[in-house]
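Below is the file query-v7.txt, which contains compact mmCIF, C-alpha atoms.
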# COMPACT_ATOMS: atom_id res chain seq x y z
CA MET J 1 14.26 8.71 -67.32
CA GLY J 2 14.34 8.85 -63.51
CA THR J 3 12.39 11.35 -61.48
CA THR J 4 14.35 14.38 -60.28
CA HIS J 5 13.44 15.39 -56.74
CA PRO J 6 13.71 19.01 -55.63
CA HIS J 7 16.52 19.83 -53.20
CA PRO J 8 15.41 19.01 -49.65
CA ARG J 9 15.16 21.64 -46.92
CA VAL J 10 15.25 21.11 -43.16
CA ALA J 11 13.38 22.91 -40.38
CA GLU J 12 13.69 22.01 -36.72
CA ALA J 13 12.79 23.32 -33.28
CA ARG J 14 13.07 22.32 -29.63
CA ARG J 15 10.94 23.10 -26.59
CA ARG J 16 9.35 21.49 -23.54
CA ALA J 17 6.31 19.28 -24.17
CA MET J 18 4.68 16.44 -22.28
CA GLY J 19 6.91 17.13 -19.29
CA SER J 20 10.05 16.46 -21.36
CA ASP J 21 12.51 18.03 -23.76
CA ALA J 22 11.03 17.72 -27.25
CA HIS J 23 12.63 18.02 -30.68
CA LEU J 24 10.89 18.19 -34.06
CA VAL J 25 12.69 17.90 -37.41
CA VAL J 26 10.88 18.29 -40.73
CA VAL J 27 12.36 17.59 -44.17
CA THR J 28 10.61 19.26 -47.12
CA HIS J 29 11.29 19.73 -50.81
CA SER J 30 11.87 23.18 -52.24
CA ASP J 31 8.58 23.02 -54.12
CA GLY J 32 6.65 21.67 -51.12
CA ARG J 33 5.00 23.07 -48.02
CA ASP J 34 7.01 25.44 -45.80
CA GLY J 35 8.75 23.55 -43.01
CA ARG J 36 7.97 26.28 -40.47
CA ASP J 37 4.25 25.78 -41.05
CA LEU J 38 4.68 22.04 -40.56
CA LEU J 39 6.61 22.56 -37.33
CA ALA J 40 3.80 24.76 -36.01
CA ALA J 41 1.29 22.07 -36.95
CA GLY J 42 3.40 19.43 -35.21
CA TRP J 43 3.63 21.41 -31.98
CA GLY J 44 -0.09 22.06 -32.13
CA ARG J 45 -0.79 18.35 -32.43
CA ILE J 46 1.53 17.54 -29.51
CA ASP J 47 -0.20 20.15 -27.35
CA GLN J 48 -3.59 18.70 -28.29
CA LEU J 49 -2.55 15.17 -27.31
CA GLU J 50 -1.04 16.37 -24.04
CA ALA J 51 -4.24 18.25 -23.18
CA ARG J 52 -6.24 15.07 -23.78
CA TRP J 53 -3.89 12.56 -22.18
CA SER J 54 -2.14 14.20 -19.21
CA ARG J 55 -3.12 12.72 -15.85
CA PHE J 56 -1.86 15.95 -14.28
CA ARG J 57 -4.58 18.10 -15.88
CA ALA J 58 -7.97 18.01 -14.21
CA ASP J 59 -9.71 18.79 -17.52
CA SER J 60 -7.99 16.06 -19.56
CA GLU J 61 -9.88 13.06 -20.91
CA VAL J 62 -7.64 10.67 -18.97
CA SER J 63 -8.50 12.51 -15.74
CA ALA J 64 -12.19 12.28 -16.64
CA LEU J 65 -11.87 8.52 -17.15
CA ASN J 66 -10.19 8.13 -13.76
CA ARG J 67 -12.79 10.28 -11.98
CA HIS J 68 -15.66 8.31 -13.51
CA ALA J 69 -14.38 4.75 -13.18
CA GLY J 70 -17.30 2.36 -13.55
CA LEU J 71 -19.11 4.64 -16.03
CA ARG J 72 -19.02 4.92 -19.81
CA VAL J 73 -17.17 8.11 -20.74
CA ARG J 74 -17.15 9.63 -24.21
CA VAL J 75 -13.67 10.73 -25.28
CA SER J 76 -11.88 11.77 -28.46
CA HIS J 77 -10.79 9.11 -30.91
CA ASP J 78 -7.18 9.92 -29.91
CA THR J 79 -7.91 8.70 -26.39
CA VAL J 80 -9.66 5.58 -27.68
CA VAL J 81 -6.49 4.82 -29.65
CA LEU J 82 -4.36 5.46 -26.56
CA VAL J 83 -6.36 3.07 -24.38
CA GLN J 84 -6.43 0.41 -27.12
CA HIS J 85 -2.66 0.61 -27.57
CA ALA J 86 -2.06 0.55 -23.80
CA VAL J 87 -4.05 -2.68 -23.46
CA ALA J 88 -2.26 -4.11 -26.52
CA ALA J 89 1.11 -3.25 -24.93
CA TRP J 90 0.05 -5.03 -21.73
CA GLU J 91 -0.79 -8.13 -23.76
CA LEU J 92 2.40 -7.83 -25.86
CA THR J 93 4.59 -7.82 -22.76
CA ALA J 94 2.67 -10.42 -20.75
CA GLY J 95 1.81 -7.77 -18.17
CA ARG J 96 5.29 -6.30 -17.63
CA PHE J 97 3.95 -3.04 -19.03
CA ASP J 98 0.75 -2.14 -17.18
CA PRO J 99 -1.26 1.07 -17.71
CA THR J 100 -3.07 0.72 -14.37
CA VAL J 101 -0.12 1.76 -12.19
CA GLY J 102 -1.63 5.24 -11.77
CA ALA J 103 -2.80 4.79 -8.17
CA ALA J 104 0.57 3.34 -7.17
CA LEU J 105 2.42 6.29 -8.70
CA VAL J 106 0.16 8.76 -6.89
CA GLY J 107 0.56 6.80 -3.66
CA HIS J 108 4.33 7.08 -3.96
CA GLY J 109 4.06 10.83 -4.47
CA TYR J 110 4.10 11.21 -8.26
CA ASP J 111 0.87 13.20 -8.28
CA ARG J 112 1.82 16.15 -10.48
CA ASP J 113 4.05 17.14 -13.38
CA PHE J 114 7.59 16.00 -12.59
CA ASP J 115 9.06 19.52 -12.68
CA GLU J 116 6.49 20.57 -10.07
CA LEU J 117 7.19 17.43 -8.03
CA LEU J 118 10.90 18.24 -7.82
CA ALA J 119 10.16 21.87 -6.96
CA ARG J 120 7.87 20.73 -4.12
CA ASP J 121 10.19 18.10 -2.71
CA GLY J 122 13.41 20.02 -3.21
CA GLY J 123 12.66 22.30 -0.26
CA ALA J 124 12.39 21.73 3.47
CA ARG J 125 9.17 19.70 3.33
CA PRO J 126 9.26 16.23 4.96
CA PRO J 127 9.61 13.25 2.59
CA LEU J 128 6.47 11.66 1.23
CA SER J 129 5.08 8.44 2.71
CA SER J 130 4.54 5.33 0.59
CA PRO J 131 1.45 3.09 0.39
CA PRO J 132 1.48 -0.53 1.54
CA PRO J 133 2.75 -2.79 -1.28
CA ALA J 134 -0.03 -4.21 -3.44
CA PRO J 135 -0.25 -5.56 -7.00
CA VAL J 136 -1.84 -3.21 -9.52
CA PRO J 137 -5.28 -4.25 -10.82
CA GLY J 138 -4.41 -4.69 -14.51
CA PRO J 139 -6.39 -3.52 -17.57
CA ALA J 140 -8.28 -6.72 -18.39
CA GLY J 141 -11.62 -5.16 -17.43
CA ILE J 142 -11.26 -1.98 -19.45
CA GLU J 143 -14.01 -1.66 -22.07
CA VAL J 144 -13.52 0.32 -25.29
CA ASP J 145 -16.22 1.06 -27.84
CA PRO J 146 -14.48 2.53 -30.92
CA TRP J 147 -17.79 3.11 -32.68
CA SER J 148 -19.13 5.48 -30.04
CA ASP J 149 -15.68 6.60 -28.77
CA GLU J 150 -16.56 5.54 -25.24
CA VAL J 151 -14.26 3.99 -22.63
CA THR J 152 -15.20 2.38 -19.31
CA LEU J 153 -12.62 1.83 -16.59
CA PRO J 154 -13.46 -0.72 -13.90
CA VAL J 155 -14.03 0.67 -10.41
CA GLY J 156 -10.70 0.84 -8.63
CA VAL J 157 -8.62 1.27 -11.80
CA THR J 158 -6.53 4.42 -12.35
CA PHE J 159 -5.30 4.64 -15.92
CA ASP J 160 -1.81 6.05 -16.49
CA PRO J 161 -0.68 6.62 -20.09
CA GLY J 162 2.90 7.51 -19.17
CA GLY J 163 4.47 4.21 -20.17
CA ILE J 164 3.64 4.52 -23.88
CA GLY J 165 1.97 7.94 -24.17
CA LYS J 166 4.96 9.87 -25.48
CA GLY J 167 5.89 7.06 -27.86
CA LEU J 168 2.39 6.86 -29.29
CA ALA J 169 2.27 10.66 -29.57
CA ALA J 170 5.55 10.57 -31.52
CA ASP J 171 4.06 7.97 -33.88
CA LEU J 172 0.88 9.98 -34.46
CA VAL J 173 2.63 13.32 -34.94
CA ALA J 174 5.29 11.94 -37.31
CA SER J 175 2.63 10.31 -39.49
CA ALA J 176 0.54 13.50 -39.43
CA LEU J 177 3.50 15.59 -40.59
CA VAL J 178 4.11 13.33 -43.58
CA ASP J 179 0.40 13.32 -44.40
CA ALA J 180 0.48 17.13 -44.29
CA GLY J 181 3.25 17.34 -46.87
CA ALA J 182 6.60 16.68 -45.17
CA ALA J 183 8.99 14.45 -47.08
CA GLY J 184 10.33 13.19 -43.77
CA ALA J 185 9.96 13.88 -40.07
CA LEU J 186 11.58 13.06 -36.75
CA VAL J 187 9.62 13.51 -33.52
CA ASN J 188 11.51 13.11 -30.23
CA LEU J 189 9.51 13.42 -27.00
CA GLY J 190 11.85 12.94 -24.07
CA GLY J 191 13.79 10.14 -25.76
CA ASP J 192 10.77 8.43 -27.30
CA LEU J 193 11.48 8.98 -30.96
CA ARG J 194 9.85 8.22 -34.30
CA ALA J 195 11.52 8.81 -37.67
CA ILE J 196 9.60 8.49 -40.91
CA GLY J 197 10.10 9.30 -44.58
CA THR J 198 13.12 10.99 -46.16
CA PRO J 199 15.98 11.25 -43.63
CA LEU J 200 18.47 14.08 -43.26
CA GLY J 201 21.34 12.15 -44.85
CA ALA J 202 22.02 9.21 -47.10
CA ALA J 203 22.96 7.04 -44.10
CA GLY J 204 19.59 7.67 -42.46
CA TRP J 205 18.55 9.49 -39.30
CA THR J 206 21.57 9.57 -36.96
CA ILE J 207 20.52 8.97 -33.36
CA GLY J 208 22.82 9.30 -30.37
CA VAL J 209 21.88 7.25 -27.28
CA PRO J 210 23.21 8.83 -24.04
CA ASP J 211 25.16 6.65 -21.62
CA PRO J 212 23.04 6.54 -18.42
CA LEU J 213 26.10 6.10 -16.19
CA ARG J 214 28.47 8.64 -17.77
CA SER J 215 27.38 12.22 -18.28
CA HIS J 216 28.10 13.72 -21.70
CA HIS J 217 29.00 10.32 -23.18
CA GLU J 218 27.16 8.29 -25.80
CA LEU J 219 26.27 4.67 -25.24
CA ALA J 220 25.58 4.08 -28.93
CA ARG J 221 25.18 5.88 -32.25
CA ILE J 222 22.51 4.54 -34.59
CA ALA J 223 21.80 5.21 -38.26
CA LEU J 224 18.06 4.68 -38.65
CA ALA J 225 16.46 4.57 -42.09
CA GLU J 226 12.99 4.66 -40.55
CA GLY J 227 11.48 3.44 -37.32
CA ALA J 228 11.51 4.25 -33.63
CA VAL J 229 13.79 4.42 -30.60
CA ALA J 230 12.67 4.47 -26.96
CA THR J 231 14.70 4.57 -23.76
CA THR J 232 13.55 3.60 -20.28
CA SER J 233 15.71 4.45 -17.26
CA ARG J 234 15.23 4.32 -13.50
CA LEU J 235 17.73 7.16 -13.10
CA ARG J 236 15.65 9.87 -14.79
CA ARG J 237 12.53 10.40 -12.69
CA ARG J 238 13.38 9.97 -9.02
CA TRP J 239 12.01 11.71 -5.93
CA PRO J 240 12.28 11.37 -2.14
CA THR J 241 9.87 9.36 0.02
CA ALA J 242 9.89 8.28 3.66
CA HIS J 243 11.54 5.05 2.50
CA GLY J 244 14.23 6.61 0.33
CA GLN J 245 14.31 7.48 -3.34
CA ALA J 246 11.41 6.30 -5.51
CA HIS J 247 11.28 6.12 -9.30
CA HIS J 248 8.51 5.95 -11.87
CA LEU J 249 8.97 2.36 -13.05
CA ILE J 250 6.42 0.53 -10.94
CA ASP J 251 6.53 -3.27 -10.79
CA PRO J 252 2.92 -4.35 -11.52
CA ALA J 253 3.37 -7.42 -9.33
CA THR J 254 4.09 -5.38 -6.20
CA GLY J 255 2.96 -1.80 -6.83
CA GLU J 256 6.45 -0.69 -5.75
CA PRO J 257 9.28 0.98 -7.71
CA ALA J 258 11.06 -1.95 -9.32
CA GLU J 259 14.17 -3.41 -7.69
CA THR J 260 16.35 -4.55 -10.56
CA ASP J 261 19.98 -4.50 -11.67
CA VAL J 262 18.93 -2.91 -14.97
CA VAL J 263 19.60 0.82 -15.05
CA ALA J 264 18.42 1.67 -18.56
CA VAL J 265 17.10 0.03 -21.72
CA THR J 266 17.07 1.37 -25.28
CA VAL J 267 14.93 -0.37 -27.90
CA ILE J 268 14.68 0.08 -31.67
CA ALA J 269 11.38 -1.06 -33.21
CA ASP J 270 9.04 -0.21 -36.04
CA GLN J 271 6.83 2.09 -33.95
CA ALA J 272 7.61 4.15 -30.86
CA TRP J 273 4.74 2.81 -28.74
CA ARG J 274 6.01 -0.72 -29.35
CA ALA J 275 9.59 0.32 -28.57
CA ASP J 276 8.28 1.82 -25.31
CA ALA J 277 6.46 -1.38 -24.41
CA PHE J 278 9.42 -3.63 -25.19
CA ALA J 279 11.71 -1.35 -23.17
CA LYS J 280 9.48 -1.90 -20.12
CA LEU J 281 9.50 -5.64 -20.77
CA LEU J 282 13.30 -5.76 -20.84
CA PHE J 283 13.65 -3.49 -17.83
CA PHE J 284 11.62 -5.88 -15.68
CA ALA J 285 12.69 -9.17 -17.27
CA GLY J 286 16.41 -8.44 -17.66
CA PRO J 287 19.04 -9.47 -20.23
CA THR J 288 17.84 -13.07 -20.58
CA GLU J 289 14.77 -11.75 -22.40
CA LEU J 290 16.90 -10.38 -25.27
CA ALA J 291 17.32 -13.77 -26.94
CA ARG J 292 13.56 -14.49 -26.98
CA HIS J 293 12.53 -11.75 -29.42
CA ARG J 294 13.23 -11.02 -33.07
CA ASP J 295 11.05 -7.97 -33.74
CA PHE J 296 13.25 -5.37 -32.04
CA HIS J 297 16.88 -4.49 -31.33
CA ALA J 298 17.95 -3.43 -27.86
CA VAL J 299 20.75 -2.65 -25.44
CA LEU J 300 20.54 -2.90 -21.64
CA VAL J 301 22.86 -1.23 -19.14
CA THR J 302 23.20 -2.73 -15.67
CA ALA J 303 24.25 -1.00 -12.46
CA ASP J 304 27.77 -2.43 -12.66
CA GLY J 305 28.26 -0.78 -16.07
CA GLY J 306 27.68 -3.96 -18.05
CA HIS J 307 26.18 -3.79 -21.54
CA HIS J 308 23.91 -6.46 -23.04
CA ALA J 309 22.88 -5.95 -26.67
CA THR J 310 21.19 -7.79 -29.49
CA PRO J 311 23.65 -8.63 -32.31
CA ALA J 312 22.56 -5.78 -34.60
CA LEU J 313 23.41 -3.21 -31.91
CA GLU J 314 26.73 -4.63 -30.75
CA GLY J 315 28.56 -2.68 -33.44
CA ALA J 316 26.84 0.57 -32.52
CA LEU J 317 28.10 0.60 -28.92
CA ARG J 318 30.77 3.20 -28.19
As structure tokens, the full file:
Amino acid sequence: MGTTHPHPRVAEARRRAMGSDAHLVVVTHSDGRDGRDLLAAGWGRIDQLEARWSRFRADSEVSALNRHAGLRVRVSHDTVVLVQHAVAAWELTAGRFDPTVGAALVGHGYDRDFDELLARDGGARPPLSSPPPAPVPGPAGIEVDPWSDEVTLPVGVTFDPGGIGKGLAADLVASALVDAGAAGALVNLGGDLRAIGTPLGAAGWTIGVPDPLRSHHELARIALAEGAVATTSRLRRRWPTAHGQAHHLIDPATGEPAETDVVAVTVIADQAWRADAFAKLLFFAGPTELARHRDFHAVLVTADGGHHATPALEGALR
């Protein structure tokens, strides 16, 4: 005789978190833990990670690391995991993703939460100046001791978790929700999304990917059994400087906002932090990089409206 599963229930909520629009979905069984309790636990975990990882909070662990470069700093295990994954993403992408772009971002004016940045620069203030172009230092000298939960940044290195921070947070929160009793969970932090466990429907978690060049249109619709989706775009976070509009995707080789024909990249992978890292790789390397990898699916959109997709995603384009 097969096992009969109780009828699933769904709880979901949306709010701002980590400087982005966030969406949590929890699937539970009728004889399991209340989905509202799980949602509260999920938001609490997101808030905890943001408090530890935000470079815009003076009391965060990431800010402490940056203030004390050259010294061993004790941090939470969450932050050890963040730094380890950031260095792994740098290695995975041959340096296209680099977590030491922090000083370049600050130099170009991205020195506070993006909502505050737009509020500041949307008025009559003069545009921000930009620093002289310079390569970023790279994370090769970062030291991590997972036994003592201590991290040492080299002098002159400013760590920025933004490139994979939301993706890794989505991974950690989704896994925590399932461990706490959810049958399935979806965690979406500003487009960095992780789905795990029992989906909402038989076809899987249905994910709509917005078209970066056409408002209110979808680029693709994906049915995901389990895994992660991450989108990187140079159209999302832009602000004025003395040299025109800047964006948050810094080219590690120059320390400047990247000049590329790629407008946006969406990647499907097993984990959200890896999808984030591969999205940065494709953004900088361009469509020719698609054929060199087999452990993710992706679609790129170029400024002329062209679409370049791996075979598995061709049929999902709209």
Set the distance at 12 Å and use all atoms listed in the file: which residues neighbour Val301 of chain J once local chain neighbours fewer than 2 positions away are removed? I'd like the list as an NGL selection string.
:J and (209-214 or 219-220 or 231-235 or 260-267 or 279 or 282-283 or 286-287 or 298-299 or 303-309 or 317)
What lies within 9 Å of Asp276 of chain J using all atoms listed in the file, ignoring chain neighbours under 6 positions off, as a PDB file with C-alpha atoms, in the coordinates of the input?
ATOM      1  CA  ALA J  89       1.110  -3.250 -24.930  1.00  0.00           C
ATOM      2  CA  GLY J 163       4.470   4.210 -20.170  1.00  0.00           C
ATOM      3  CA  ILE J 164       3.640   4.520 -23.880  1.00  0.00           C
ATOM      4  CA  GLY J 165       1.970   7.940 -24.170  1.00  0.00           C
ATOM      5  CA  LYS J 166       4.960   9.870 -25.480  1.00  0.00           C
ATOM      6  CA  GLY J 167       5.890   7.060 -27.860  1.00  0.00           C
ATOM      7  CA  LEU J 168       2.390   6.860 -29.290  1.00  0.00           C
ATOM      8  CA  ASP J 192      10.770   8.430 -27.300  1.00  0.00           C
ATOM      9  CA  VAL J 229      13.790   4.420 -30.600  1.00  0.00           C
ATOM     10  CA  ALA J 230      12.670   4.470 -26.960  1.00  0.00           C
ATOM     11  CA  THR J 231      14.700   4.570 -23.760  1.00  0.00           C
ATOM     12  CA  THR J 232      13.550   3.600 -20.280  1.00  0.00           C
ATOM     13  CA  THR J 266      17.070   1.370 -25.280  1.00  0.00           C
ATOM     14  CA  VAL J 267      14.930  -0.370 -27.900  1.00  0.00           C
ATOM     15  CA  ALA J 269      11.380  -1.060 -33.210  1.00  0.00           C
TER      16      ALA J 269
END
Sort by chain and increasing residue number a table of all residues of segment 154-205 of chain J within 8 Å of segment 57-69 of chain J, each with its closest pair of atoms and their distance in Å to one decimal, counting only C-alpha atoms, and write it as a Markdown table.
| residue | atom | partner | partner_atom | distance |
| --- | --- | --- | --- | --- |
| J:Pro154 | CA | J:Ala69 | CA | 5.6 |
| J:Val155 | CA | J:Ala69 | CA | 4.9 |
| J:Gly156 | CA | J:Ala69 | CA | 7.0 |
| J:Val157 | CA | J:Ala69 | CA | 6.9 |
| J:Thr158 | CA | J:Asn66 | CA | 5.4 |
| J:Phe159 | CA | J:Asn66 | CA | 6.4 |
| J:Asp160 | CA | J:Val62 | CA | 7.8 |
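Across the structure, atom CA of His85 of chain J and atom CA of Trp273 of chain J are spaced 7.8 Å apart.
Proximity of J:Ala277, J:Pro137, J:Ala41, J:Ala174 to Leu92 of chain J, computed with all atoms listed in the file, is greatest for J:Ala277.
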What does the distance between atom CA of Ala225 of chain J and atom CA of Gly204 of chain J come to in Å, to one decimal place?
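Interatomic distance, atom CA of Ala225 of chain J to atom CA of Gly204 of chain J: 4.4 Å.
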J:Gly315, J:Thr254, J:Asp179, J:Trp147: which is nearest Pro135 of chain J, counting all atoms listed in the file?
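Distance minimum relative to Pro135 of chain J lands on J:Thr254.
Separating atom CA of Arg194 of chain J from atom CA of Ala228 of chain J is a distance of 4.4 Å.
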Which of these, J:Ala169, J:Ala134, J:Gly162, J:Val151, has the shortest distance to Gly44 of chain J once you count all atoms listed in the file?
J:Ala169
Would you please work out which residue, of J:Ala258, J:Arg294, J:Leu193, J:Val80, is nearest to Gln271 of chain J when using only C-alpha atoms?
J:Leu193
Set the distance at 7 Å and use all atoms listed in the file: which residues neighbour segment 21-27 of chain J once local chain neighbours fewer than 3 positions away are removed? I'd like the list as a list in words.
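The filter keeps Pro8, Arg9, Val10, Ala11, Glu12, Ala13, Arg14, Arg15, Arg16, Ala17, Gly35, Leu39, Ala182, Ala183, Gly184, Ala185, Leu186, Val187, Asn188, Leu189, Gly190 and Thr198 of chain J.
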Next, dump the selected residues to file, keeping only C-alpha atoms, as a CSV table (one decimal), in the frame of the given file.
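File written: result34.csv
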chain,number,residue,atom,x,y,z
J,8,PRO,CA,15.4,19.0,-49.6
J,9,ARG,CA,15.2,21.6,-46.9
J,10,VAL,CA,15.2,21.1,-43.2
J,11,ALA,CA,13.4,22.9,-40.4
J,12,GLU,CA,13.7,22.0,-36.7
J,13,ALA,CA,12.8,23.3,-33.3
J,14,ARG,CA,13.1,22.3,-29.6
J,15,ARG,CA,10.9,23.1,-26.6
J,16,ARG,CA,9.4,21.5,-23.5
J,17,ALA,CA,6.3,19.3,-24.2
J,35,GLY,CA,8.8,23.6,-43.0
J,39,LEU,CA,6.6,22.6,-37.3
J,182,ALA,CA,6.6,16.7,-45.2
J,183,ALA,CA,9.0,14.4,-47.1
J,184,GLY,CA,10.3,13.2,-43.8
J,185,ALA,CA,10.0,13.9,-40.1
J,186,LEU,CA,11.6,13.1,-36.8
J,187,VAL,CA,9.6,13.5,-33.5
J,188,ASN,CA,11.5,13.1,-30.2
J,189,LEU,CA,9.5,13.4,-27.0
J,190,GLY,CA,11.8,12.9,-24.1
J,198,THR,CA,13.1,11.0,-46.2
From the set J:Ile250, J:Ile196, J:Val144, J:Val178, which residue has the shortest atom-to-atom contact distance to Leu82 of chain J, counting all atoms listed in the file?
J:Val144
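Proximity of J:Pro146, J:Gly191, J:Gly70, J:Gly138 to Ala104 of chain J, computed with only C-alpha atoms, is greatest for J:Gly138.
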Just save segment 254-279 of chain J with N, CA and C atoms, as an mmCIF file, in the first residue's frame.
data_model
loop_
_atom_site.group_PDB
_atom_site.id
_atom_site.type_symbol
_atom_site.label_atom_id
_atom_site.label_comp_id
_atom_site.auth_asym_id
_atom_site.auth_seq_id
_atom_site.Cartn_x
_atom_site.Cartn_y
_atom_site.Cartn_z
ATOM 1 N N THR J 254 38.935 46.534 -14.275
ATOM 2 C CA THR J 254 39.087 47.983 -14.410
ATOM 3 C C THR J 254 38.619 48.756 -13.181
ATOM 4 N N GLY J 255 37.757 48.164 -12.363
ATOM 5 C CA GLY J 255 37.150 48.893 -11.261
ATOM 6 C C GLY J 255 36.053 49.835 -11.704
ATOM 7 N N GLU J 256 35.627 49.735 -12.957
ATOM 8 C CA GLU J 256 34.599 50.599 -13.532
ATOM 9 C C GLU J 256 33.321 49.802 -13.782
ATOM 10 N N PRO J 257 32.151 50.460 -13.806
ATOM 11 C CA PRO J 257 30.938 49.770 -14.267
ATOM 12 C C PRO J 257 31.180 49.172 -15.648
ATOM 13 N N ALA J 258 30.811 47.930 -15.816
ATOM 14 C CA ALA J 258 31.173 47.186 -17.024
ATOM 15 C C ALA J 258 30.518 47.773 -18.266
ATOM 16 N N GLU J 259 31.302 47.855 -19.332
ATOM 17 C CA GLU J 259 30.801 48.236 -20.654
ATOM 18 C C GLU J 259 30.621 46.945 -21.446
ATOM 19 N N THR J 260 29.386 46.582 -21.689
ATOM 20 C CA THR J 260 29.099 45.324 -22.367
ATOM 21 C C THR J 260 27.778 45.438 -23.101
ATOM 22 N N ASP J 261 27.612 44.642 -24.152
ATOM 23 C CA ASP J 261 26.345 44.619 -24.880
ATOM 24 C C ASP J 261 25.274 43.837 -24.126
ATOM 25 N N VAL J 262 25.662 43.065 -23.123
ATOM 26 C CA VAL J 262 24.692 42.267 -22.373
ATOM 27 C C VAL J 262 23.909 43.182 -21.432
ATOM 28 N N VAL J 263 22.594 43.080 -21.503
ATOM 29 C CA VAL J 263 21.717 43.873 -20.647
ATOM 30 C C VAL J 263 21.338 43.094 -19.393
ATOM 31 N N ALA J 264 21.011 41.810 -19.570
ATOM 32 C CA ALA J 264 20.567 41.000 -18.437
ATOM 33 C C ALA J 264 20.869 39.533 -18.708
ATOM 34 N N VAL J 265 21.057 38.792 -17.626
ATOM 35 C CA VAL J 265 21.313 37.352 -17.687
ATOM 36 C C VAL J 265 20.455 36.670 -16.631
ATOM 37 N N THR J 266 19.794 35.586 -17.016
ATOM 38 C CA THR J 266 19.081 34.748 -16.055
ATOM 39 C C THR J 266 19.666 33.345 -16.121
ATOM 40 N N VAL J 267 19.982 32.791 -14.949
ATOM 41 C CA VAL J 267 20.617 31.476 -14.858
ATOM 42 C C VAL J 267 19.782 30.566 -13.963
ATOM 43 N N ILE J 268 19.654 29.315 -14.379
ATOM 44 C CA ILE J 268 19.050 28.270 -13.546
ATOM 45 C C ILE J 268 20.157 27.307 -13.148
ATOM 46 N N ALA J 269 20.298 27.063 -11.853
ATOM 47 C CA ALA J 269 21.326 26.151 -11.341
ATOM 48 C C ALA J 269 20.774 25.420 -10.132
ATOM 49 N N ASP J 270 21.620 24.593 -9.522
ATOM 50 C CA ASP J 270 21.159 23.810 -8.386
ATOM 51 C C ASP J 270 21.003 24.643 -7.120
ATOM 52 N N GLN J 271 21.844 25.665 -6.957
ATOM 53 C CA GLN J 271 21.804 26.524 -5.786
ATOM 54 C C GLN J 271 21.840 27.986 -6.235
ATOM 55 N N ALA J 272 21.219 28.855 -5.431
ATOM 56 C CA ALA J 272 21.090 30.249 -5.855
ATOM 57 C C ALA J 272 22.429 30.978 -5.856
ATOM 58 N N TRP J 273 23.323 30.660 -4.919
ATOM 59 C CA TRP J 273 24.615 31.358 -4.924
ATOM 60 C C TRP J 273 25.411 31.004 -6.174
ATOM 61 N N ARG J 274 25.278 29.755 -6.640
ATOM 62 C CA ARG J 274 25.965 29.368 -7.872
ATOM 63 C C ARG J 274 25.305 30.018 -9.091
ATOM 64 N N ALA J 275 23.976 30.099 -9.089
ATOM 65 C CA ALA J 275 23.288 30.786 -10.182
ATOM 66 C C ALA J 275 23.718 32.250 -10.244
ATOM 67 N N ASP J 276 23.836 32.890 -9.076
ATOM 68 C CA ASP J 276 24.333 34.267 -9.017
ATOM 69 C C ASP J 276 25.729 34.385 -9.638
ATOM 70 N N ALA J 277 26.617 33.492 -9.239
ATOM 71 C CA ALA J 277 27.994 33.552 -9.728
ATOM 72 C C ALA J 277 28.054 33.335 -11.241
ATOM 73 N N PHE J 278 27.321 32.351 -11.733
ATOM 74 C CA PHE J 278 27.332 32.086 -13.175
ATOM 75 C C PHE J 278 26.706 33.247 -13.953
ATOM 76 N N ALA J 279 25.708 33.906 -13.357
ATOM 77 C CA ALA J 279 25.111 35.062 -14.030
ATOM 78 C C ALA J 279 26.141 36.170 -14.211
#
